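To start, the structure itself, in structure tokens.
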Amino acid sequence: MKENLIDKLERENLKIASFTKRVIAYLMDNFILNCIVFIIFYDRLIFVNDMIEMANILGNFFMGFFLLHLVYHTLFTFMYGASLGKMACKITILNEDFLDKPTFIQSLIRSAFRQLSDIAFMLGLFWALENDLRKTWHDYLARTIVVDVA
């Protein structure tokens with residue numbers, strides 16, 4: 001019989017990361033990525049005269065912004081089990097089957113669906129408020145769990 005995930009976490013003395021920590025990590029990661037975008041477009045943005053002009057410049061980068069997020073989250077999740085924001089908040093992403101770092105495919109799925117959740121007004125993130133394991137849409141689809149490391 002397959003062991004219940006909650007029992008597995010208890011046996012390994014792992015605690016589910018709080019929603020608050022996840023939101024703080026989310027905001028930190030978005031700040032980091034927005035700084036990268038600002039650096040990329042700095043030479044254009046310093047001459048912007050109004051918000052419409054800035055929206056046009058950044059709007060033309062939508063696909064690049066999506067890919068930047070996808071690559072950032074996929075690589076950090078696969079290589080370290082956490083993004084920079086999650087590392088700062090002392091939380092990590094685990095493969096729910098083995099309680100180890102996610103595979104590359106899991107990391108890619110998680111990252112892609114995280115972006116889709118963002119586009120859908122972050123509904124996937126707020127889904128975590130409704131379940132004991134604090135799993136988001138991207139956690140369910142990638143079969144991952146986010147836990148405290150400290």
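Following the order of the structure tokens, first chain is A, next is B, and so on, with residues numbered from 1 inside each chain and ligands from 1 in the order they appear.
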
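Those residues that approach Asp148 (chain A) to within 7 Å, counting only C-alpha atoms, are Lys15, Ile16, Ala17, Lys90, Ile91 and Thr92 of chain A; same-chain residues fewer than 6 positions away are not listed.
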
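When DSSP reads the backbone of this structure, the residues of region 2-128 of chain A it assigns to strand (DSSP E or B) are Ile16, Ile91, Thr92, Ile93, Leu94, Asn95 and Asp100 of chain A.
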
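Take CA of Asn13 (chain A) and CA of Ile105 (chain A): the distance between them is 26.5 Å.
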
Contacts of Asp97 (chain A) at 9 Å or less, counting only C-alpha atoms, minus same-chain residues fewer than 3 places along, as a compact mmCIF listing (two decimals) with N, CA and C atoms, in the first residue's frame?
# COMPACT_ATOMS: atom_id res chain seq x y z
N LEU A 5 1.10 10.92 1.86
CA LEU A 5 2.12 11.97 1.81
C LEU A 5 2.29 12.65 3.17
N LEU A 94 10.17 19.84 -3.08
CA LEU A 94 10.53 18.43 -3.11
C LEU A 94 9.61 17.65 -4.04
N ASP A 100 12.83 14.35 -2.52
CA ASP A 100 14.13 14.81 -3.00
C ASP A 100 13.89 15.94 -3.99
N ARG A 143 3.63 17.25 -9.19
CA ARG A 143 3.78 16.30 -8.08
C ARG A 143 4.93 16.72 -7.16
N THR A 144 4.84 18.00 -6.72
CA THR A 144 5.84 18.54 -5.82
C THR A 144 5.15 19.05 -4.54

Report as a Markdown table: every residue of region 68-120 of chain A with an atom at most 9 Å from region 27-33 of chain A, its closest pair of atoms, and their distance in Å to one decimal, counting only C-alpha atoms, with rows sorted by chain and ascending residue number.
| residue | atom | partner | partner_atom | distance |
| --- | --- | --- | --- | --- |
| A:Leu68 | CA | A:Leu33 | CA | 7.7 |
| A:His69 | CA | A:Leu33 | CA | 7.2 |
| A:Tyr72 | CA | A:Leu33 | CA | 8.4 |
| A:His73 | CA | A:Asp29 | CA | 8.9 |
| A:Ser83 | CA | A:Asp29 | CA | 7.2 |
| A:Leu84 | CA | A:Asp29 | CA | 6.6 |
| A:Gly85 | CA | A:Met28 | CA | 5.0 |
| A:Lys86 | CA | A:Asp29 | CA | 8.1 |
| A:Ala88 | CA | A:Met28 | CA | 8.6 |

Residue set, region 39-110 of chain A restricted to helix (DSSP H, G or I), as number ranges by chain | A: 39-45, 51-59, 62-80, 84-88, 104-110
